[in-house]
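Structure file run-v2.cif; described as mmCIF, C-alpha atoms (C1' of nucleotides).
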data_input
loop_
_atom_site.label_atom_id
_atom_site.label_comp_id
_atom_site.auth_asym_id
_atom_site.auth_seq_id
_atom_site.Cartn_x
_atom_site.Cartn_y
_atom_site.Cartn_z
CA MET A 1 0.77 -88.00 5.31
CA PRO A 2 -2.80 -87.27 6.02
CA GLU A 3 -4.38 -85.69 2.96
CA LEU A 4 -7.93 -84.50 2.43
CA PRO A 5 -9.68 -87.87 2.96
CA GLU A 6 -7.87 -88.62 6.22
CA VAL A 7 -8.47 -85.11 7.54
CA GLU A 8 -12.14 -85.36 6.53
CA VAL A 9 -12.48 -88.67 8.40
CA LEU A 10 -11.12 -86.96 11.50
CA ARG A 11 -13.39 -83.97 11.00
CA ARG A 12 -16.42 -86.22 10.99
CA ASP A 13 -15.19 -88.09 14.05
CA LEU A 14 -14.52 -84.84 15.92
CA ASP A 15 -17.90 -83.49 14.90
CA LYS A 16 -19.57 -86.45 16.59
CA ASP A 17 -17.29 -86.68 19.57
CA VAL A 18 -15.91 -83.34 20.72
CA VAL A 19 -18.28 -80.65 19.47
CA GLY A 20 -20.21 -79.33 22.45
CA ARG A 21 -17.51 -80.29 24.91
CA LYS A 22 -15.88 -77.80 27.22
CA ILE A 23 -12.12 -77.70 27.61
CA LYS A 24 -10.93 -77.97 31.17
CA SER A 25 -7.16 -78.07 30.84
CA VAL A 26 -4.47 -78.02 28.19
CA GLU A 27 -1.01 -79.48 28.57
CA VAL A 28 1.71 -78.62 26.08
CA VAL A 29 4.44 -81.24 26.30
CA THR A 30 6.37 -80.12 23.21
CA MET A 31 6.59 -76.45 22.26
CA ARG A 32 7.52 -77.34 18.69
CA SER A 33 3.95 -78.55 18.14
CA VAL A 34 2.63 -75.08 19.01
CA ARG A 35 5.56 -73.23 17.45
CA ARG A 36 3.59 -70.18 16.34
CA HIS A 37 3.26 -69.28 19.99
CA THR A 38 6.34 -68.24 21.92
CA LYS A 39 4.78 -68.97 25.30
CA ARG A 40 2.70 -71.93 26.42
CA LYS A 41 0.05 -69.63 27.89
CA GLN A 42 -0.65 -67.98 24.55
CA PHE A 43 -1.89 -71.38 23.45
CA THR A 44 -3.46 -72.75 26.61
CA GLU A 45 -5.27 -69.67 27.99
CA PRO A 46 -7.76 -69.10 25.15
CA LEU A 47 -8.56 -72.81 25.15
CA GLU A 48 -9.12 -73.42 28.84
CA GLY A 49 -12.76 -72.90 29.76
CA ALA A 50 -13.88 -72.63 26.14
CA LYS A 51 -16.52 -74.77 24.52
CA ILE A 52 -15.99 -76.28 21.06
CA LYS A 53 -18.74 -75.02 18.78
CA SER A 54 -17.91 -76.60 15.42
CA VAL A 55 -15.25 -78.44 13.42
CA GLU A 56 -14.47 -77.47 9.85
CA ARG A 57 -11.92 -78.68 7.36
CA ARG A 58 -10.09 -76.37 4.99
CA GLY A 59 -7.89 -78.42 2.71
CA LYS A 60 -5.70 -80.38 5.09
CA TYR A 61 -6.38 -78.02 8.01
CA LEU A 62 -8.89 -78.57 10.78
CA VAL A 63 -10.48 -75.50 12.35
CA LEU A 64 -12.25 -75.94 15.68
CA ALA A 65 -14.32 -72.86 16.45
CA LEU A 66 -14.63 -71.99 20.12
CA ASP A 67 -17.35 -70.02 21.91
CA ASN A 68 -14.94 -67.16 22.66
CA GLU A 69 -14.30 -65.88 19.12
CA GLN A 70 -11.12 -67.92 18.90
CA SER A 71 -10.34 -71.00 16.86
CA LEU A 72 -8.00 -73.91 17.34
CA VAL A 73 -6.29 -74.67 14.04
CA ILE A 74 -4.68 -78.07 13.50
CA HIS A 75 -2.43 -79.33 10.72
CA LEU A 76 -1.27 -82.92 10.97
CA GLY A 77 1.79 -82.56 8.78
CA MET A 78 3.05 -85.99 7.82
CA SER A 79 2.57 -88.10 10.89
CA GLY A 80 0.16 -86.22 13.13
CA GLN A 81 -2.65 -88.08 14.89
CA LEU A 82 -5.60 -86.92 16.95
CA LEU A 83 -6.64 -89.51 19.47
CA ARG A 84 -9.51 -89.60 21.89
CA ALA A 85 -8.83 -91.09 25.31
CA LYS A 86 -11.83 -91.85 27.49
CA SER A 87 -9.77 -91.18 30.57
CA ALA A 88 -6.45 -89.62 31.54
CA LYS A 89 -5.47 -93.05 32.81
CA VAL A 90 -5.25 -94.51 29.32
CA ALA A 91 -1.54 -94.86 28.56
CA LYS A 92 -0.14 -91.99 26.51
CA PRO A 93 1.44 -93.03 23.23
CA LYS A 94 5.01 -92.03 22.54
CA HIS A 95 5.28 -88.58 20.89
CA THR A 96 2.21 -87.19 22.62
CA HIS A 97 2.82 -83.44 22.38
CA VAL A 98 -0.44 -81.76 23.38
CA ILE A 99 -3.20 -83.00 25.69
CA ILE A 100 -6.58 -81.34 25.85
CA GLY A 101 -8.75 -82.42 28.80
CA PHE A 102 -12.52 -82.01 28.84
CA THR A 103 -14.69 -81.06 31.80
CA GLN A 104 -16.86 -84.15 31.28
CA GLY A 105 -13.70 -86.26 31.42
CA GLY A 106 -11.63 -87.72 28.67
CA GLN A 107 -8.93 -86.20 26.54
CA LEU A 108 -8.02 -85.25 23.01
CA ARG A 109 -4.37 -85.97 22.31
CA PHE A 110 -2.08 -84.72 19.58
CA VAL A 111 0.53 -87.33 18.73
CA ASP A 112 3.13 -86.65 16.05
CA PRO A 113 6.44 -88.57 15.67
CA ARG A 114 7.91 -86.47 12.87
CA THR A 115 6.70 -83.19 14.37
CA PHE A 116 5.80 -81.56 11.05
CA GLY A 117 2.30 -81.04 12.35
CA GLU A 118 1.21 -78.09 14.46
CA MET A 119 -1.61 -76.58 16.46
CA PHE A 120 -2.29 -72.92 17.13
CA VAL A 121 -5.02 -70.64 18.41
CA THR A 122 -6.11 -67.51 16.61
CA LYS A 123 -9.05 -65.13 16.47
CA SER A 124 -11.71 -66.77 14.32
CA ASP A 125 -12.40 -63.74 12.13
CA VAL A 126 -8.81 -63.29 10.96
CA ILE A 127 -8.10 -66.83 9.81
CA ALA A 128 -8.65 -66.21 6.12
CA ASP A 129 -7.24 -62.68 6.10
CA GLU A 130 -4.15 -63.00 8.20
CA LEU A 131 -3.02 -66.56 7.65
CA PRO A 132 -1.86 -66.86 4.05
CA GLU A 133 -1.61 -70.64 4.11
CA LEU A 134 -5.32 -70.82 4.89
CA GLY A 135 -6.46 -67.71 3.08
CA HIS A 136 -4.81 -68.69 -0.20
CA LEU A 137 -6.27 -72.19 -0.35
CA GLY A 138 -7.84 -73.11 -3.66
CA PHE A 139 -11.26 -74.69 -4.07
CA ASP A 140 -12.19 -77.71 -1.99
CA PRO A 141 -12.95 -80.72 -4.18
CA LEU A 142 -15.59 -82.05 -1.77
CA ASP A 143 -17.52 -78.77 -1.87
CA ALA A 144 -20.10 -79.15 -4.60
CA GLY A 145 -19.37 -75.54 -5.56
CA ILE A 146 -17.14 -75.82 -8.61
CA SER A 147 -18.34 -76.64 -12.12
CA VAL A 148 -16.45 -78.47 -14.86
CA ASP A 149 -16.34 -75.25 -16.87
CA ARG A 150 -14.76 -73.33 -14.03
CA PHE A 151 -12.30 -76.20 -13.49
CA ALA A 152 -11.41 -76.15 -17.19
CA ALA A 153 -10.85 -72.41 -17.08
CA LEU A 154 -8.56 -72.75 -14.06
CA LEU A 155 -6.54 -75.46 -15.83
CA ARG A 156 -6.08 -73.27 -18.89
CA GLN A 157 -4.91 -70.33 -16.79
CA ARG A 158 -1.57 -72.01 -16.21
CA SER A 159 0.80 -74.30 -18.00
CA MET A 160 1.79 -76.56 -15.20
CA LYS A 161 2.45 -80.28 -14.96
CA LEU A 162 -0.70 -81.98 -13.71
CA LYS A 163 0.85 -83.55 -10.64
CA SER A 164 2.31 -80.25 -9.48
CA LEU A 165 -1.00 -78.56 -10.10
CA LEU A 166 -3.01 -81.15 -8.18
CA MET A 167 -0.62 -80.83 -5.24
CA ASP A 168 -0.68 -77.02 -5.35
CA GLN A 169 -2.84 -76.02 -2.38
CA LYS A 170 -3.46 -72.61 -3.92
CA PHE A 171 -5.13 -74.27 -6.91
CA ILE A 172 -7.01 -77.09 -5.20
CA ALA A 173 -6.98 -77.77 -1.48
CA GLY A 174 -6.17 -81.07 0.17
CA ILE A 175 -4.38 -83.29 -2.35
CA GLY A 176 -0.89 -84.68 -1.65
CA ASN A 177 1.42 -87.25 -3.15
CA ILE A 178 -0.74 -90.36 -2.76
CA TYR A 179 -4.02 -89.02 -4.07
CA SER A 180 -2.47 -87.09 -6.95
CA ASP A 181 -1.11 -90.38 -8.31
CA GLU A 182 -4.39 -92.21 -7.76
CA ILE A 183 -6.42 -89.41 -9.38
CA LEU A 184 -4.15 -89.25 -12.43
CA PHE A 185 -4.35 -93.01 -12.89
CA GLN A 186 -8.13 -92.90 -12.62
CA ALA A 187 -8.19 -90.10 -15.17
CA GLY A 188 -5.75 -91.94 -17.46
CA LEU A 189 -3.44 -88.94 -17.57
CA ARG A 190 0.31 -88.80 -17.08
CA PHE A 191 1.72 -86.74 -14.19
CA ASP A 192 3.80 -84.60 -16.54
CA ARG A 193 1.04 -83.56 -18.92
CA LEU A 194 0.70 -79.79 -19.03
CA SER A 195 -2.52 -78.40 -17.61
CA ASP A 196 -3.28 -76.33 -20.72
CA SER A 197 -2.81 -79.28 -23.09
CA LEU A 198 -5.94 -81.25 -22.11
CA SER A 199 -8.83 -81.88 -24.46
CA PRO A 200 -12.32 -81.09 -23.11
CA GLN A 201 -12.87 -84.80 -22.62
CA GLU A 202 -9.63 -85.14 -20.64
CA VAL A 203 -10.60 -82.19 -18.48
CA ARG A 204 -13.90 -83.89 -17.67
CA ARG A 205 -12.13 -87.16 -16.87
CA LEU A 206 -9.74 -85.38 -14.52
CA PHE A 207 -12.54 -83.47 -12.85
CA ARG A 208 -14.52 -86.63 -12.27
CA ALA A 209 -11.46 -88.54 -11.05
CA VAL A 210 -10.63 -85.88 -8.44
CA ILE A 211 -14.08 -86.14 -6.90
CA GLU A 212 -14.51 -89.90 -7.23
CA VAL A 213 -11.14 -90.86 -5.78
CA LEU A 214 -11.41 -88.50 -2.82
CA GLN A 215 -15.01 -89.51 -2.04
CA ASP A 216 -14.09 -93.16 -2.29
CA ALA A 217 -11.11 -92.66 0.01
CA VAL A 218 -13.34 -91.01 2.63
CA LYS A 219 -15.80 -93.88 2.30
CA TYR A 220 -13.01 -96.35 3.13
CA ARG A 221 -11.86 -94.07 5.96
CA GLY A 222 -8.57 -92.97 4.45
CA SER A 223 -5.25 -94.60 3.61
CA THR A 224 -3.03 -96.12 6.26
CA LEU A 225 0.44 -96.96 4.98
CA ALA A 226 2.99 -99.06 6.82
CA ASP A 227 5.49 -96.28 7.40
CA GLU A 228 2.96 -93.64 8.30
CA GLY A 229 0.14 -94.97 10.37
CA PHE A 230 -2.87 -92.74 9.92
CA VAL A 231 -5.60 -93.63 12.38
CA ASP A 232 -8.99 -92.11 13.09
CA LEU A 233 -10.03 -90.53 16.37
CA GLN A 234 -10.60 -93.94 17.94
CA GLY A 235 -7.26 -95.27 16.72
CA ASN A 236 -8.56 -97.39 13.84
CA PRO A 237 -6.61 -97.51 10.55
CA GLY A 238 -8.23 -96.77 7.20
CA GLU A 239 -8.77 -99.27 4.40
CA TYR A 240 -8.34 -97.27 1.23
CA GLN A 241 -4.71 -98.40 0.83
CA ASP A 242 -6.17 -101.76 -0.28
CA HIS A 243 -7.87 -99.88 -3.10
CA HIS A 244 -4.79 -98.01 -4.31
CA GLN A 245 -4.28 -98.71 -8.00
CA VAL A 246 -0.73 -97.39 -8.39
CA TYR A 247 0.62 -95.72 -5.27
CA GLY A 248 3.25 -97.88 -3.59
CA ARG A 249 2.77 -100.62 -6.20
CA GLU A 250 5.94 -100.37 -8.27
CA GLY A 251 6.43 -103.48 -10.39
CA GLU A 252 2.94 -104.84 -9.75
CA PRO A 253 0.74 -105.33 -12.80
CA CYS A 254 -1.32 -102.32 -13.83
CA PRO A 255 -5.03 -103.09 -13.33
CA ARG A 256 -5.70 -102.02 -16.93
CA THR A 257 -2.74 -103.20 -19.00
CA LYS A 258 -1.08 -105.77 -16.69
CA LYS A 259 2.21 -104.04 -17.47
CA PRO A 260 4.33 -103.21 -14.40
CA ILE A 261 3.54 -100.02 -12.49
CA MET A 262 6.31 -97.49 -12.98
CA ARG A 263 7.95 -95.37 -10.34
CA GLN A 264 9.78 -92.18 -11.11
CA ARG A 265 11.39 -89.42 -9.14
CA TYR A 266 9.51 -86.21 -9.77
CA GLY A 267 9.90 -82.99 -7.82
CA ASN A 268 11.98 -84.77 -5.22
CA ARG A 269 9.38 -87.44 -4.51
CA SER A 270 8.16 -90.74 -5.82
CA THR A 271 5.51 -90.79 -8.50
CA TYR A 272 3.71 -94.00 -9.42
CA TYR A 273 1.97 -94.41 -12.76
CA SER A 274 1.03 -96.90 -15.42
CA VAL A 275 2.05 -96.86 -19.07
CA SER A 276 -1.66 -96.71 -19.88
CA GLN A 277 -1.69 -93.07 -18.79
CA VAL A 278 -1.17 -90.66 -21.67
"C1'" DA B 1 6.77 -64.41 -10.57
"C1'" DC B 2 7.42 -69.06 -10.77
"C1'" DG B 3 9.54 -73.52 -10.67
"C1'" DC B 4 12.67 -76.13 -8.23
"C1'" DC B 5 15.28 -77.80 -4.19
"C1'" DC B 6 16.40 -77.81 0.72
"C1'" DG B 7 15.55 -78.15 5.68
"C1'" DC B 8 12.78 -79.49 9.19
"C1'" DC B 9 11.93 -84.48 11.78
"C1'" DT B 10 11.76 -89.64 13.21
"C1'" DG B 11 11.01 -94.47 12.26
"C1'" DT B 12 11.75 -98.08 9.19
"C1'" DA B 13 14.24 -100.74 6.07
"C1'" DA B 14 17.65 -101.67 2.78
"C1'" DG B 15 22.64 -102.03 2.10
"C1'" DC B 16 27.50 -102.98 3.24
"C1'" DT C 1 24.78 -109.08 13.04
"C1'" DG C 2 25.31 -104.09 13.49
"C1'" DC C 3 26.09 -99.85 11.82
"C1'" DT C 4 25.17 -96.38 8.18
"C1'" DT C 5 22.41 -94.49 4.69
"C1'" DA C 6 18.24 -93.68 2.15
"C1'" DC C 7 13.57 -92.79 2.14
"C1'" DA C 8 8.99 -91.29 3.43
"C1'" DG C 9 6.81 -86.10 2.51
"C1'" DG C 10 3.78 -81.21 3.81
"C1'" DC C 11 5.16 -76.89 3.57
"C1'" DG C 12 7.83 -72.54 4.05
"C1'" DG C 13 11.63 -70.30 2.34
"C1'" DG C 14 15.43 -69.31 -0.58
"C1'" DC C 15 17.55 -69.29 -4.96
"C1'" DG C 16 18.04 -68.91 -9.94
#

Output the structure of this file as structure tokens.
Amino acid sequence: MPELPEVEVLRRDLDKDVVGRKIKSVEVVTMRSVRRHTKRKQFTEPLEGAKIKSVERRGKYLVLALDNEQSLVIHLGMSGQLLRAKSAKVAKPKHTHVIIGFTQGGQLRFVDPRTFGEMFVTKSDVIADELPELGHLGFDPLDAGISVDRFAALLRQRSMKLKSLLMDQKFIAGIGNIYSDEILFQAGLRFDRLSDSLSPQEVRRLFRAVIEVLQDAVKYRGSTLADEGFVDLQGNPGEYQDHHQVYGREGEPCPRTKKPIMRQRYGNRSTYYSVSQV
DNA sequence: ACGCCCGCCTGTAAGC
DNA sequence: TGCTTACAGGCGGGCG
């Protein structure tokens, strides 16, 4: 379940490693991974011969701008991986669905066991306008753009449970199940508190927690859980899971109170929290 | 219009 | 031990 930190780690890796490279060939093994296109060629033709100009992240999406006015958009879904192979000879992992070969040699591979991820190509200038899932994204917590006051105003606009709000991509882009729990623990707030019920001090705590947790997670190169297996472009796992305070730690002592971490079903998924959150 | 639940997937692990 | 079932969850869509 790559969330913002994992996608940001990949963005930085791609920025160093594939920007400037020219695409020689594209092989689509599994059409489901490019399901917005009905024909393979709609995906492969705009890519072949194009040079990668830049790599941006929008929430959990990666956008690779090409030198032909088109962009390659990637969403990793739950189990998607992007892996660099120095040569085509390197053994392909199971569930390799798309292979992008570069003129200078080497490949970029899209590997995705659960196939919730996808790749597609679209004209660069219509991304925000014509793709609602990208156009409707809320603010990016790693952009320094938003102020506490603006954040407070946005919270007051709705009366939504905090966990739902943090995971709502239209409100804030890039947070999923793991980081919403970690952020709420850091902020000392319960997942079911209503967004318009927070004191100014609680708003500030939440604001700070969002930024701190996500920045920290990027610093430790993302979270790699046993059942998921996020890895960076070179195939290395992250280390932030060792810094999780509550996620996946049901029954373990809360770092603050030593009372057992609670787990509760909320919105059809597991939520971890401590009784110290109010 | 919004909150909630399902379906899409596969690998892993718990349960009988 | 081996089979079945539950669970993991991002996101679109459908329903109330």

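Nearest to Thr224 in chain A of all the residues A:Thr271, A:Thr38, A:Thr96, A:Gln81 is A:Gln81, based on only C-alpha atoms.
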
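All residues of protein, DNA or RNA that reach within 8 Å of range 3-14 of chain B, judged by all atoms listed in the file and not counting those fewer than 2 positions away in the chain, are Pro113, Arg114, Thr115, Phe116, Asp227, Gly267 and Asn268 of chain A.
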
Please expand the PyMOL selection byres ((chain A and resi 12-26) around 8) into the concrete residues it hits in this file, giving the result as a PyMOL selection string.
chain A and resi 8-11+27-28+44+47-55+98-104+232-233

Do me a favour and pick out the residues of chain A within 12 Å of chain B, using all atoms listed in the file, as a ChimeraX atom specification.
/A:32-33,77-80,94-95,112-117,158-161,164-165,226-229,266-269

Write a file of the just-selected residues containing C-alpha atoms, as an mmCIF file, keeping the file's coordinate frame.
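What follows is the written file out-v8.cif:
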data_model
loop_
_atom_site.group_PDB
_atom_site.id
_atom_site.type_symbol
_atom_site.label_atom_id
_atom_site.label_comp_id
_atom_site.auth_asym_id
_atom_site.auth_seq_id
_atom_site.Cartn_x
_atom_site.Cartn_y
_atom_site.Cartn_z
ATOM 1 C CA ARG A 32 7.520 -77.340 18.690
ATOM 2 C CA SER A 33 3.950 -78.550 18.140
ATOM 3 C CA GLY A 77 1.790 -82.560 8.780
ATOM 4 C CA MET A 78 3.050 -85.990 7.820
ATOM 5 C CA SER A 79 2.570 -88.100 10.890
ATOM 6 C CA GLY A 80 0.160 -86.220 13.130
ATOM 7 C CA LYS A 94 5.010 -92.030 22.540
ATOM 8 C CA HIS A 95 5.280 -88.580 20.890
ATOM 9 C CA ASP A 112 3.130 -86.650 16.050
ATOM 10 C CA PRO A 113 6.440 -88.570 15.670
ATOM 11 C CA ARG A 114 7.910 -86.470 12.870
ATOM 12 C CA THR A 115 6.700 -83.190 14.370
ATOM 13 C CA PHE A 116 5.800 -81.560 11.050
ATOM 14 C CA GLY A 117 2.300 -81.040 12.350
ATOM 15 C CA ARG A 158 -1.570 -72.010 -16.210
ATOM 16 C CA SER A 159 0.800 -74.300 -18.000
ATOM 17 C CA MET A 160 1.790 -76.560 -15.200
ATOM 18 C CA LYS A 161 2.450 -80.280 -14.960
ATOM 19 C CA SER A 164 2.310 -80.250 -9.480
ATOM 20 C CA LEU A 165 -1.000 -78.560 -10.100
ATOM 21 C CA ALA A 226 2.990 -99.060 6.820
ATOM 22 C CA ASP A 227 5.490 -96.280 7.400
ATOM 23 C CA GLU A 228 2.960 -93.640 8.300
ATOM 24 C CA GLY A 229 0.140 -94.970 10.370
ATOM 25 C CA TYR A 266 9.510 -86.210 -9.770
ATOM 26 C CA GLY A 267 9.900 -82.990 -7.820
ATOM 27 C CA ASN A 268 11.980 -84.770 -5.220
ATOM 28 C CA ARG A 269 9.380 -87.440 -4.510
#

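Distance criterion 10 Å to chain A, applied with all atoms listed in the file, yields DC7, DA8, DG9, DG10, DC11 and DG12 of chain C on chain C.
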
Once you add 8 Å to each side, what are the centre and edge lengths of the axis-aligned box holding all listed atoms of range 109-117 of chain A? One decimal in Å, as lines of an AutoDock Vina configuration file, if you can.
center_x = 1.8
center_y = -84.8
center_z = 16.7
size_x = 28.3
size_y = 23.5
size_z = 27.3

Find the residues around Gln245 in chain A up to 8 Å (only C-alpha atoms (C1' of nucleotides) counted), leave out those fewer than 6 positions away in its own chain, and share them as a PyMOL selection string.
chain A and resi 182+185+254-255

Atomic distance CA of Tyr220 in chain A - CA of Arg57 in chain A, expressed in Å with one decimal
18.2 Å

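Picked by the PyMOL selection byres ((chain A and resi 65) around 9) from the coordinates shown: Lys51, Ile52, Lys53, Ser54, Val55, Glu56, Val63, Leu64, Leu66, Asp67, Asn68, Glu69, Gln70, Ser71, Leu72, Val73 and Ser124 of chain A.
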
Quote the spacing between CA of Asp181 in chain A and CA of Leu62 in chain A in Å to one decimal place.
23.8 Å

Would you list the contacts of range 234-240 of chain A as a PyMOL selection string, taking every protein, DNA or RNA residue within 9 Å and counting only C-alpha atoms (C1' of nucleotides), but skipping same-chain residues closer than 5 positions in sequence?
chain A and resi 6+13+81-85+216-225+229

Can you work out the spacing between CA of Phe191 in chain A and CA of Ser274 in chain A in Å, to one decimal?
10.3 Å

Could you tell me which residues the PyMOL selection byres ((chain A and resi 59) around 8) grabs in this file, written as a PyMOL selection string?
chain A and resi 4+57-58+60-61+137+140+169+173-175

Incomplete range 8-17 of chain A filled out to all heavy atoms as a PDB file, in the frame of the given file:
ATOM      1  N   GLU A   8     -10.673 -85.374   6.540  1.00  0.00           N
ATOM      2  CA  GLU A   8     -12.140 -85.360   6.530  1.00  0.00           C
ATOM      3  C   GLU A   8     -12.696 -86.449   7.460  1.00  0.00           C
ATOM      4  O   GLU A   8     -13.693 -86.222   8.151  1.00  0.00           O
ATOM      5  CB  GLU A   8     -12.646 -85.550   5.098  1.00  0.00           C
ATOM      6  CG  GLU A   8     -14.152 -85.616   4.955  1.00  0.00           C
ATOM      7  CD  GLU A   8     -14.879 -84.336   5.389  1.00  0.00           C
ATOM      8  OE1 GLU A   8     -14.244 -83.268   5.456  1.00  0.00           O
ATOM      9  OE2 GLU A   8     -16.097 -84.426   5.665  1.00  0.00           O
ATOM     10  N   VAL A   9     -12.060 -87.611   7.470  1.00  0.00           N
ATOM     11  CA  VAL A   9     -12.480 -88.670   8.400  1.00  0.00           C
ATOM     12  C   VAL A   9     -12.393 -88.160   9.840  1.00  0.00           C
ATOM     13  O   VAL A   9     -13.331 -88.321  10.642  1.00  0.00           O
ATOM     14  CB  VAL A   9     -11.600 -89.938   8.213  1.00  0.00           C
ATOM     15  CG1 VAL A   9     -11.758 -90.901   9.379  1.00  0.00           C
ATOM     16  CG2 VAL A   9     -11.945 -90.636   6.902  1.00  0.00           C
ATOM     17  N   LEU A  10     -11.286 -87.498  10.148  1.00  0.00           N
ATOM     18  CA  LEU A  10     -11.120 -86.960  11.500  1.00  0.00           C
ATOM     19  C   LEU A  10     -12.141 -85.863  11.799  1.00  0.00           C
ATOM     20  O   LEU A  10     -12.665 -85.770  12.905  1.00  0.00           O
ATOM     21  CB  LEU A  10      -9.705 -86.408  11.677  1.00  0.00           C
ATOM     22  CG  LEU A  10      -8.641 -87.450  12.004  1.00  0.00           C
ATOM     23  CD1 LEU A  10      -7.261 -86.824  11.980  1.00  0.00           C
ATOM     24  CD2 LEU A  10      -8.916 -88.076  13.374  1.00  0.00           C
ATOM     25  N   ARG A  11     -12.399 -85.030  10.790  1.00  0.00           N
ATOM     26  CA  ARG A  11     -13.390 -83.970  11.000  1.00  0.00           C
ATOM     27  C   ARG A  11     -14.738 -84.554  11.400  1.00  0.00           C
ATOM     28  O   ARG A  11     -15.386 -84.095  12.325  1.00  0.00           O
ATOM     29  CB  ARG A  11     -13.558 -83.110   9.748  1.00  0.00           C
ATOM     30  CG  ARG A  11     -14.432 -81.875   9.983  1.00  0.00           C
ATOM     31  CD  ARG A  11     -14.962 -81.270   8.710  1.00  0.00           C
ATOM     32  NE  ARG A  11     -15.905 -82.159   8.029  1.00  0.00           N
ATOM     33  CZ  ARG A  11     -17.162 -82.362   8.407  1.00  0.00           C
ATOM     34  NH1 ARG A  11     -17.644 -81.736   9.471  1.00  0.00           N
ATOM     35  NH2 ARG A  11     -17.944 -83.198   7.758  1.00  0.00           N
ATOM     36  N   ARG A  12     -15.131 -85.594  10.695  1.00  0.00           N
ATOM     37  CA  ARG A  12     -16.420 -86.220  10.990  1.00  0.00           C
ATOM     38  C   ARG A  12     -16.424 -86.852  12.379  1.00  0.00           C
ATOM     39  O   ARG A  12     -17.409 -86.761  13.111  1.00  0.00           O
ATOM     40  CB  ARG A  12     -16.751 -87.272   9.926  1.00  0.00           C
ATOM     41  CG  ARG A  12     -16.985 -86.627   8.573  1.00  0.00           C
ATOM     42  CD  ARG A  12     -17.263 -87.645   7.475  1.00  0.00           C
ATOM     43  NE  ARG A  12     -17.352 -86.965   6.189  1.00  0.00           N
ATOM     44  CZ  ARG A  12     -17.735 -87.542   5.061  1.00  0.00           C
ATOM     45  NH1 ARG A  12     -18.076 -88.829   5.049  1.00  0.00           N
ATOM     46  NH2 ARG A  12     -17.790 -86.860   3.944  1.00  0.00           N
ATOM     47  N   ASP A  13     -15.308 -87.486  12.714  1.00  0.00           N
ATOM     48  CA  ASP A  13     -15.190 -88.090  14.050  1.00  0.00           C
ATOM     49  C   ASP A  13     -15.267 -87.023  15.138  1.00  0.00           C
ATOM     50  O   ASP A  13     -15.968 -87.183  16.144  1.00  0.00           O
ATOM     51  CB  ASP A  13     -13.855 -88.836  14.184  1.00  0.00           C
ATOM     52  CG  ASP A  13     -13.833 -90.138  13.381  1.00  0.00           C
ATOM     53  OD1 ASP A  13     -14.881 -90.519  12.819  1.00  0.00           O
ATOM     54  OD2 ASP A  13     -12.766 -90.774  13.320  1.00  0.00           O
ATOM     55  N   LEU A  14     -14.531 -85.922  14.925  1.00  0.00           N
ATOM     56  CA  LEU A  14     -14.520 -84.840  15.920  1.00  0.00           C
ATOM     57  C   LEU A  14     -15.895 -84.206  16.042  1.00  0.00           C
ATOM     58  O   LEU A  14     -16.337 -83.842  17.134  1.00  0.00           O
ATOM     59  CB  LEU A  14     -13.492 -83.763  15.519  1.00  0.00           C
ATOM     60  CG  LEU A  14     -12.022 -84.158  15.650  1.00  0.00           C
ATOM     61  CD1 LEU A  14     -11.134 -83.162  14.907  1.00  0.00           C
ATOM     62  CD2 LEU A  14     -11.602 -84.241  17.111  1.00  0.00           C
ATOM     63  N   ASP A  15     -16.568 -84.083  14.911  1.00  0.00           N
ATOM     64  CA  ASP A  15     -17.900 -83.490  14.900  1.00  0.00           C
ATOM     65  C   ASP A  15     -18.841 -84.276  15.812  1.00  0.00           C
ATOM     66  O   ASP A  15     -19.639 -83.711  16.541  1.00  0.00           O
ATOM     67  CB  ASP A  15     -18.415 -83.467  13.458  1.00  0.00           C
ATOM     68  CG  ASP A  15     -19.603 -82.540  13.303  1.00  0.00           C
ATOM     69  OD1 ASP A  15     -19.513 -81.400  13.777  1.00  0.00           O
ATOM     70  OD2 ASP A  15     -20.617 -82.976  12.730  1.00  0.00           O
ATOM     71  N   LYS A  16     -18.711 -85.594  15.773  1.00  0.00           N
ATOM     72  CA  LYS A  16     -19.570 -86.450  16.590  1.00  0.00           C
ATOM     73  C   LYS A  16     -19.128 -86.453  18.047  1.00  0.00           C
ATOM     74  O   LYS A  16     -19.938 -86.574  18.951  1.00  0.00           O
ATOM     75  CB  LYS A  16     -19.487 -87.896  16.077  1.00  0.00           C
ATOM     76  CG  LYS A  16     -20.462 -88.205  14.961  1.00  0.00           C
ATOM     77  CD  LYS A  16     -20.447 -89.698  14.664  1.00  0.00           C
ATOM     78  CE  LYS A  16     -20.205 -89.929  13.186  1.00  0.00           C
ATOM     79  NZ  LYS A  16     -19.706 -91.261  12.861  1.00  0.00           N
ATOM     80  N   ASP A  17     -17.838 -86.353  18.248  1.00  0.00           N
ATOM     81  CA  ASP A  17     -17.290 -86.680  19.570  1.00  0.00           C
ATOM     82  C   ASP A  17     -16.838 -85.522  20.438  1.00  0.00           C
ATOM     83  O   ASP A  17     -16.832 -85.642  21.659  1.00  0.00           O
ATOM     84  CB  ASP A  17     -16.122 -87.649  19.390  1.00  0.00           C
ATOM     85  CG  ASP A  17     -15.966 -88.553  20.578  1.00  0.00           C
ATOM     86  OD1 ASP A  17     -16.923 -89.290  20.862  1.00  0.00           O
ATOM     87  OD2 ASP A  17     -14.912 -88.482  21.231  1.00  0.00           O
TER      88      ASP A  17
END
